[in-house]
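Novice: The file below is protein-v2.txt, compact mmCIF, C-alpha atoms and all ligand atoms:
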# COMPACT_ATOMS: atom_id res chain seq x y z
CA MET A 1 19.97 -14.85 16.64
CA THR A 2 22.15 -11.99 15.56
CA GLN A 3 21.52 -8.38 16.36
CA LYS A 4 20.36 -7.79 12.77
CA LEU A 5 17.42 -10.13 13.15
CA TYR A 6 15.93 -7.92 15.83
CA ASN A 7 16.14 -4.84 13.70
CA TYR A 8 12.70 -3.38 13.09
CA SER A 9 14.02 -0.09 11.78
CA ARG A 10 12.35 -0.58 8.38
CA LEU A 11 9.11 -2.13 9.61
CA CYS A 12 5.84 -0.31 8.95
CA LEU A 13 2.28 -1.42 9.60
CA HIS A 14 -0.80 -0.32 7.74
CA THR A 15 -3.60 0.77 10.03
CA MET A 16 -5.82 -1.62 8.05
CA THR A 17 -3.63 -4.48 9.27
CA THR A 18 -4.91 -3.71 12.76
CA LYS A 19 -8.32 -2.61 11.51
CA PRO A 20 -10.17 -2.93 14.86
CA TRP A 21 -7.82 -0.37 16.40
CA SER A 22 -8.59 3.33 16.10
CA LEU A 23 -5.77 5.53 14.84
CA GLU A 24 -4.96 6.45 18.42
CA GLU A 25 -4.82 2.78 19.49
CA ALA A 26 -2.66 1.95 16.48
CA ILE A 27 -0.24 4.77 17.29
CA ASP A 28 -0.05 3.50 20.86
CA GLY A 29 0.27 -0.18 19.89
CA TYR A 30 2.95 0.33 17.26
CA THR A 31 4.95 2.64 19.50
CA LYS A 32 4.89 0.16 22.40
CA ALA A 33 5.99 -2.65 20.07
CA GLY A 34 8.92 -0.61 18.76
CA ILE A 35 7.57 -0.39 15.22
CA PRO A 36 8.75 2.89 13.69
CA GLY A 37 6.55 3.18 10.59
CA ILE A 38 2.82 3.70 10.07
CA THR A 39 0.80 3.88 6.86
CA VAL A 40 -2.55 5.48 7.52
CA TRP A 41 -5.74 4.43 5.80
CA ARG A 42 -8.34 7.11 5.24
CA ASN A 43 -11.03 5.30 7.21
CA HIS A 44 -8.76 5.51 10.26
CA LEU A 45 -8.16 9.17 9.58
CA GLU A 46 -11.74 10.26 9.09
CA PRO A 47 -12.94 10.12 12.72
CA TYR A 48 -10.19 12.61 13.67
CA GLY A 49 -9.86 14.73 10.57
CA ALA A 50 -6.50 15.23 8.92
CA LYS A 51 -5.45 18.15 11.09
CA GLU A 52 -6.02 16.40 14.42
CA ALA A 53 -4.63 13.10 13.08
CA GLY A 54 -1.53 14.93 11.89
CA LYS A 55 -1.03 16.47 15.30
CA ARG A 56 -1.26 13.09 17.04
CA LEU A 57 1.04 11.44 14.52
CA ARG A 58 3.67 14.16 14.88
CA GLU A 59 3.50 13.91 18.67
CA SER A 60 3.95 10.12 18.48
CA GLY A 61 7.27 10.34 16.70
CA LEU A 62 6.17 7.59 14.30
CA HIS A 63 7.32 7.86 10.72
CA VAL A 64 4.28 8.32 8.48
CA VAL A 65 5.14 6.29 5.40
CA SER A 66 2.08 6.86 3.25
CA LEU A 67 -1.62 7.57 3.07
CA CYS A 68 -3.81 4.86 1.54
CA ARG A 69 -5.42 5.34 -0.73
CA GLY A 70 -6.17 7.51 -3.71
CA GLY A 71 -7.12 6.48 -7.20
CA PHE A 72 -10.40 5.14 -8.61
CA PHE A 73 -10.08 7.36 -11.65
CA PRO A 74 -12.20 5.49 -14.23
CA ALA A 75 -15.83 6.54 -14.42
CA ALA A 76 -18.59 6.89 -16.96
CA GLY A 77 -18.95 10.54 -17.88
CA ALA A 78 -16.67 13.54 -17.74
CA GLN A 79 -18.23 14.95 -14.57
CA ALA A 80 -17.71 11.71 -12.64
CA ARG A 81 -14.10 11.61 -13.77
CA GLN A 82 -13.64 15.21 -12.67
CA ASP A 83 -15.17 14.34 -9.28
CA ALA A 84 -12.61 11.55 -8.93
CA ARG A 85 -9.79 13.95 -9.68
CA ASP A 86 -11.11 16.46 -7.14
CA GLU A 87 -11.32 13.71 -4.54
CA ASN A 88 -7.71 12.76 -5.23
CA LYS A 89 -6.63 16.35 -4.71
CA ARG A 90 -8.34 16.29 -1.31
CA ILE A 91 -6.51 13.04 -0.48
CA ILE A 92 -3.20 14.64 -1.45
CA ASP A 93 -4.00 17.58 0.85
CA GLU A 94 -4.78 15.16 3.68
CA ALA A 95 -1.46 13.40 3.11
CA ALA A 96 0.38 16.69 3.36
CA GLU A 97 -1.54 17.52 6.52
CA ILE A 98 -0.59 14.27 8.29
CA GLY A 99 3.02 14.40 7.11
CA ALA A 100 2.71 11.51 4.66
CA PRO A 101 5.13 11.97 1.76
CA LEU A 102 3.26 9.49 -0.42
CA VAL A 103 -0.25 8.57 -1.56
CA VAL A 104 -0.70 5.02 -2.87
CA LEU A 105 -3.08 4.76 -5.82
CA VAL A 106 -5.53 1.92 -6.25
CA CYS A 107 -6.27 3.09 -9.73
CA GLY A 108 -9.82 1.86 -10.20
CA ALA A 109 -11.95 -0.07 -12.70
CA VAL A 110 -15.63 -0.07 -13.49
CA PRO A 111 -17.58 -3.08 -14.78
CA GLY A 112 -18.68 -2.22 -18.29
CA ILE A 113 -15.84 0.19 -19.03
CA PRO A 114 -13.34 -1.67 -21.25
CA LEU A 115 -9.98 -2.08 -19.55
CA PRO A 116 -8.04 -0.12 -22.19
CA ASP A 117 -10.47 2.80 -21.74
CA ALA A 118 -10.17 2.54 -17.96
CA ARG A 119 -6.38 2.67 -18.27
CA GLN A 120 -6.69 5.84 -20.33
CA HIS A 121 -8.94 7.35 -17.63
CA ILE A 122 -6.27 6.42 -15.08
CA THR A 123 -3.40 7.91 -17.07
CA ASP A 124 -5.37 11.10 -17.75
CA GLY A 125 -6.54 11.30 -14.13
CA ILE A 126 -3.05 10.96 -12.70
CA ALA A 127 -1.77 13.54 -15.20
CA ALA A 128 -4.50 15.92 -14.03
CA VAL A 129 -3.61 15.64 -10.33
CA LEU A 130 0.19 15.51 -10.61
CA PRO A 131 0.60 19.31 -10.51
CA HIS A 132 -1.39 19.34 -7.26
CA ALA A 133 0.80 16.55 -5.83
CA GLU A 134 3.90 18.48 -6.76
CA SER A 135 2.70 21.70 -5.15
CA ALA A 136 1.76 19.78 -1.99
CA GLY A 137 5.11 17.97 -1.94
CA VAL A 138 3.40 14.57 -1.96
CA ARG A 139 4.48 11.76 -4.26
CA LEU A 140 2.07 9.29 -5.90
CA ALA A 141 2.65 5.55 -6.32
CA ILE A 142 0.71 3.38 -8.74
CA GLU A 143 -0.01 0.00 -7.17
CA ALA A 144 -0.71 -2.82 -9.61
CA LEU A 145 -3.50 -5.04 -8.29
CA HIS A 146 -3.89 -8.77 -8.84
CA PRO A 147 -5.96 -9.46 -11.99
CA MET A 148 -8.77 -10.89 -9.86
CA TYR A 149 -9.59 -7.24 -9.10
CA ALA A 150 -9.65 -6.12 -12.74
CA ASP A 151 -13.45 -5.86 -12.74
CA ASP A 152 -14.00 -3.16 -10.16
CA ARG A 153 -10.77 -2.19 -8.37
CA SER A 154 -7.95 -1.70 -10.79
CA ALA A 155 -7.34 -1.89 -14.50
CA VAL A 156 -3.63 -1.80 -13.67
CA ASN A 157 -2.80 -5.44 -13.03
CA THR A 158 0.89 -5.84 -13.73
CA LEU A 159 3.97 -3.94 -12.72
CA GLU A 160 4.68 -3.57 -16.43
CA GLN A 161 1.46 -1.57 -16.89
CA ALA A 162 2.31 0.58 -13.87
CA ASN A 163 5.84 1.16 -15.18
CA ASN A 164 4.44 2.09 -18.59
CA MET A 165 2.25 4.78 -17.03
CA VAL A 166 5.18 6.10 -15.03
CA THR A 167 7.22 6.26 -18.23
CA ILE A 168 4.46 8.06 -20.15
CA LEU A 169 3.80 10.62 -17.42
CA ALA A 170 7.52 11.14 -16.66
CA SER A 171 7.23 13.02 -13.38
CA PRO A 172 9.59 12.87 -10.40
CA TRP A 173 6.41 12.81 -8.28
CA LEU A 174 5.12 9.55 -9.75
CA GLY A 175 6.38 6.02 -9.14
CA VAL A 176 5.14 2.54 -8.32
CA CYS A 177 4.26 0.51 -5.28
CA VAL A 178 5.31 -3.15 -5.35
CA ASP A 179 2.87 -5.26 -3.33
CA VAL A 180 3.95 -8.90 -3.30
CA TYR A 181 0.35 -10.10 -2.82
CA HIS A 182 -0.64 -8.63 -6.17
CA VAL A 183 2.40 -9.31 -8.33
CA TRP A 184 4.13 -12.45 -7.00
CA TRP A 185 2.79 -14.65 -9.84
CA ASP A 186 4.06 -12.43 -12.68
CA PRO A 187 6.79 -14.05 -14.84
CA MET A 188 8.00 -10.55 -15.73
CA LEU A 189 8.26 -9.44 -12.12
CA LYS A 190 12.03 -9.55 -11.71
CA SER A 191 12.72 -7.61 -14.90
CA GLU A 192 9.96 -5.08 -14.22
CA ILE A 193 11.25 -4.46 -10.68
CA SER A 194 14.67 -3.87 -12.18
CA ARG A 195 13.11 -1.55 -14.77
CA ALA A 196 11.28 0.42 -12.06
CA GLY A 197 14.55 1.00 -10.20
CA GLN A 198 14.42 4.25 -8.23
CA LYS A 199 10.75 4.60 -9.17
CA ILE A 200 9.86 2.05 -6.50
CA PHE A 201 8.31 4.31 -3.89
CA ALA A 202 6.73 1.63 -1.66
CA PHE A 203 6.96 -2.09 -0.87
CA HIS A 204 4.01 -3.98 0.66
CA VAL A 205 4.16 -7.50 2.10
CA SER A 206 1.72 -10.23 3.12
CA ASP A 207 1.28 -13.79 1.84
CA TRP A 208 -1.02 -15.79 -0.45
CA ARG A 209 -3.09 -18.41 1.33
CA THR A 210 -4.11 -21.69 -0.32
CA PRO A 211 -7.00 -21.90 -0.59
CA THR A 212 -7.86 -18.23 -0.49
CA ARG A 213 -11.22 -18.07 1.28
CA HIS A 214 -12.11 -14.49 0.43
CA LEU A 215 -10.96 -12.31 -2.46
CA LEU A 216 -10.36 -9.27 -0.25
CA ASN A 217 -10.00 -10.27 3.36
CA ASP A 218 -7.94 -13.44 3.50
CA ARG A 219 -4.35 -12.37 3.09
CA GLY A 220 -1.85 -14.62 4.82
CA MET A 221 0.79 -13.89 7.41
CA MET A 222 4.24 -13.67 5.84
CA GLY A 223 5.69 -17.19 5.70
CA GLU A 224 2.31 -18.92 5.78
CA GLY A 225 1.68 -18.82 2.06
CA CYS A 226 3.33 -19.47 -1.27
CA ILE A 227 5.03 -16.12 -1.93
CA ASN A 228 8.81 -16.10 -1.78
CA ILE A 229 8.96 -12.73 -0.05
CA PRO A 230 12.74 -12.70 0.66
CA LEU A 231 13.40 -13.31 -3.05
CA ILE A 232 11.19 -10.41 -4.14
CA ARG A 233 12.59 -8.20 -1.38
CA GLY A 234 16.04 -8.98 -2.74
CA TRP A 235 15.01 -7.87 -6.23
CA VAL A 236 13.47 -4.68 -4.88
CA GLU A 237 16.58 -3.88 -2.88
CA ASP A 238 18.84 -4.72 -5.81
CA ALA A 239 16.82 -2.11 -7.73
CA GLY A 240 17.84 0.43 -5.09
CA PHE A 241 14.88 0.46 -2.71
CA GLN A 242 15.81 0.98 0.94
CA GLY A 243 12.54 2.33 2.29
CA PHE A 244 10.05 0.90 4.74
CA ILE A 245 8.73 -2.65 4.42
CA GLU A 246 5.00 -2.26 4.92
CA VAL A 247 2.85 -5.06 6.30
CA GLU A 248 -0.59 -4.81 4.74
CA LEU A 249 -2.80 -7.66 5.93
CA PHE A 250 -6.48 -7.65 5.10
CA SER A 251 -7.68 -10.62 7.11
CA ASP A 252 -10.95 -11.41 8.82
CA GLN A 253 -9.02 -14.09 10.66
CA PHE A 254 -6.38 -11.75 12.07
CA TRP A 255 -8.81 -8.91 12.75
CA ALA A 256 -10.57 -11.30 15.15
CA TRP A 257 -7.36 -11.69 17.18
CA ASP A 258 -6.25 -9.57 20.08
CA GLN A 259 -4.46 -6.91 18.04
CA SER A 260 -1.43 -6.69 20.34
CA ALA A 261 -0.89 -10.42 19.84
CA LEU A 262 -1.23 -9.88 16.10
CA VAL A 263 1.45 -7.17 16.14
CA GLU A 264 3.76 -9.52 18.03
CA ARG A 265 3.10 -12.29 15.48
CA ILE A 266 3.84 -9.89 12.62
CA GLN A 267 7.15 -8.95 14.23
CA GLN A 268 8.12 -12.64 14.47
CA SER A 269 7.18 -13.25 10.84
CA TYR A 270 9.02 -10.14 9.73
CA LEU A 271 12.23 -11.54 11.19
CA THR A 272 11.87 -15.03 9.74
CA ALA A 273 9.90 -14.72 6.50
CA VAL A 274 10.57 -11.30 5.02
ZN ZN A 301 -0.70 -2.80 -1.08
Rewrite the structure from the file as structure tokens, please.
Specialist:
Amino acid sequence: MTQKLYNYSRLCLHTMTTKPWSLEEAIDGYTKAGIPGITVWRNHLEPYGAKEAGKRLRESGLHVVSLCRGGFFPAAGAQARQDARDENKRIIDEAAEIGAPLVVLVCGAVPGIPLPDARQHITDGIAAVLPHAESAGVRLAIEALHPMYADDRSAVNTLEQANNMVTILASPWLGVCVDVYHVWWDPMLKSEISRAGQKIFAFHVSDWRTPTRHLLNDRGMMGEGCINIPLIRGWVEDAGFQGFIEVELFSDQFWAWDQSALVERIQQSYLTAV
């Protein structure tokens, strides 16, 4: 193998990928493995609080890539929508506190709220929190979710819809997150990645298992599924993206492993299948 194949300089793990590990264990495990990037999930942050977590992250020398996740803007009633916006402002503050330059948005959906209405709630909600993001120096990325989550997780299901919102809101603080698990099937993917261009703020990888045994917690290891990750990575990089490649694996199967062995397996797959 060439030197290049051992280059992990753009590799980032989500703390949810190693869900059984506490934030402290994740910091330790990633550091020992030579993985430079970490994306922190709020549930891993909460036991420490943002201030303490930020201190530990800064001491570790790891590069904090993003905080996951904000969003969930749609709600029935103006007060509930305001509550969602207030919660997103708190998340933005937490991101600033831990040194995360980006909050990824899982935009939300509510059964019974028509999808076009939900998308309006999302657009209005993001517009309402963007000034707060700007003052905190934290960018926001809209992540399109696979349509199987259109009932209760996100009314934004294609990169085209995410790009449209970014176009409408026209802020340097707003872009998109391309997660191959959610968008690999989309016939418009290549052109929408090209359209997003410099608005691609994050790139998430995992694979699609056949059959998928659970809608949330059965993502595959890169190379074990049907997603052509190197192809999509090529499109994203052709569009100008040179940021971290974030491994986001929700998997009951892998969470049952020894997590150090899982990290090692991810590193192997990163070299061969990403
Ligand atoms: Zn993702």
Novice: Pick from A:Arg119, A:Arg195, A:His14, A:Lys55: nearest to ligand ZN 301 (chain A), with all atoms listed in the file counted?
Specialist: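 Smallest separation from ligand ZN 301 (chain A) among the options: A:His14.
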Novice: Which residue out of A:Leu159, A:Ala273, A:Lys190, A:Glu94 has the minimum interatomic distance to Gly49 of chain A when only C-alpha atoms are used?
Specialist: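 The closest residue to Gly49 of chain A is A:Glu94.
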Novice: Output the neighbourhood of ligand ZN 301 (chain A) as number ranges by chain, that is, all protein and nucleic acid residues with some atom at most 10 Å from the ligand, counting all atoms listed in the file.
Specialist: A: 14, 68-69, 104-106, 142-145, 177-182, 202-206, 246-250
Novice: Which residue is closest to Arg153 of chain A? Choose from A:Asp117, A:Glu87, A:Ala196, A:Phe73 and count all atoms listed in the file.
Specialist: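 Of A:Asp117, A:Glu87, A:Ala196, A:Phe73, the one nearest Arg153 of chain A, counting all atoms listed in the file, is A:Phe73.
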Novice: Provide an axis-aligned box for all listed atoms of segment 12-23 of chain A, padding each side by 3 Å; report its centre and its edge lengths in Å to one decimal, as AutoDock Vina command-line options.
Specialist:
--center_x -2.2 --center_y 0.5 --center_z 12.1 --size_x 22.0 --size_y 16.0 --size_z 14.7
Novice: Please indicate the distance in Å from atom CA of Ala100 of chain A to atom CA of Val138 of chain A, rounded to one decimal place.
Specialist: 7.3 Å
Novice: A:Pro172, A:Pro187, A:Pro116, A:Gly137: which is nearest Glu160 of chain A, counting all atoms listed in the file?
Specialist: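 Of all the options, A:Pro187 lies closest to Glu160 of chain A.
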Novice: Which residue out of A:Ala53, A:Asn43, A:Pro101, A:Ala128 has the minimum interatomic distance to Gln82 of chain A when all atoms listed in the file are used?
Specialist: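 Counting all atoms listed in the file, the residue closest to Gln82 of chain A is A:Ala128.
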Novice: From the set A:Ala96, A:Asp124, A:Val176, A:Val129, which residue has the shortest atom-to-atom contact distance to Lys51 of chain A, counting all atoms listed in the file?
Specialist: A:Ala96
Novice: What gap, in Å, lies between atom CA of Thr123 of chain A and atom CA of Val156 of chain A?
Specialist: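 Atom CA of Val156 of chain A lies at a distance of 10.3 Å from atom CA of Thr123 of chain A.
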Novice: Can you tell me which residues surround Lys19 of chain A at a distance of at most 12 Å, considering only C-alpha atoms, apart from same-chain residues fewer than 5 positions away, and format the answer as a list in words?
Specialist: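 Non-adjacent residues within range: Leu13, His14, Glu24, Glu25, Ala26, Val40, Trp41, Arg42, Asn43, His44, Leu45, Asn217, Glu248, Leu249, Phe250, Ser251, Asp252, Gln253, Phe254, Trp255, Ala256, Trp257, Asp258, Gln259, Ser260, Leu262 and Val263 of chain A.
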Novice: How many Å lie between atom CA of Thr39 of chain A and atom CA of Leu57 of chain A, rounded to one decimal?
Specialist: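 Taking atom CA of Thr39 of chain A as the start and atom CA of Leu57 of chain A as the end point, the length is 10.8 Å.
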Novice: Do you know which residues lie at most 9 Å from (4.1, 13.5, -4.1), with coordinates as in the file and all atoms listed in the file counted, and could you write them as a VMD selection string?
Specialist: chain A and resid 92 96 101 to 103 130 132 to 141 172 to 174
Novice: Find the residues near Asn157 of chain A: any atom within 7 Å, counting all atoms listed in the file, skip ones fewer than 3 places away on the same chain, and give them as a ChimeraX atom specification.
Specialist: /A:144-147,150,154,161
Novice: Residues at most 10 Å from Phe72 of chain A, counting only C-alpha atoms, excluding those fewer than 6 positions away in the same chain, as number ranges by chain?
Specialist: A: 81, 84-85, 87-88, 105-110, 118, 121-122, 125, 152-155
Novice: Selection from above, C-alpha atoms, as a PDB file, keeping the file's coordinate frame, can you write it?
Specialist:
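Saved the output as again.pdb:
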ATOM      1  CA  ARG A  81     -14.100  11.610 -13.770  1.00  0.00           C
ATOM      2  CA  ALA A  84     -12.610  11.550  -8.930  1.00  0.00           C
ATOM      3  CA  ARG A  85      -9.790  13.950  -9.680  1.00  0.00           C
ATOM      4  CA  GLU A  87     -11.320  13.710  -4.540  1.00  0.00           C
ATOM      5  CA  ASN A  88      -7.710  12.760  -5.230  1.00  0.00           C
ATOM      6  CA  LEU A 105      -3.080   4.760  -5.820  1.00  0.00           C
ATOM      7  CA  VAL A 106      -5.530   1.920  -6.250  1.00  0.00           C
ATOM      8  CA  CYS A 107      -6.270   3.090  -9.730  1.00  0.00           C
ATOM      9  CA  GLY A 108      -9.820   1.860 -10.200  1.00  0.00           C
ATOM     10  CA  ALA A 109     -11.950  -0.070 -12.700  1.00  0.00           C
ATOM     11  CA  VAL A 110     -15.630  -0.070 -13.490  1.00  0.00           C
ATOM     12  CA  ALA A 118     -10.170   2.540 -17.960  1.00  0.00           C
ATOM     13  CA  HIS A 121      -8.940   7.350 -17.630  1.00  0.00           C
ATOM     14  CA  ILE A 122      -6.270   6.420 -15.080  1.00  0.00           C
ATOM     15  CA  GLY A 125      -6.540  11.300 -14.130  1.00  0.00           C
ATOM     16  CA  ASP A 152     -14.000  -3.160 -10.160  1.00  0.00           C
ATOM     17  CA  ARG A 153     -10.770  -2.190  -8.370  1.00  0.00           C
ATOM     18  CA  SER A 154      -7.950  -1.700 -10.790  1.00  0.00           C
ATOM     19  CA  ALA A 155      -7.340  -1.890 -14.500  1.00  0.00           C
TER      20      ALA A 155
END
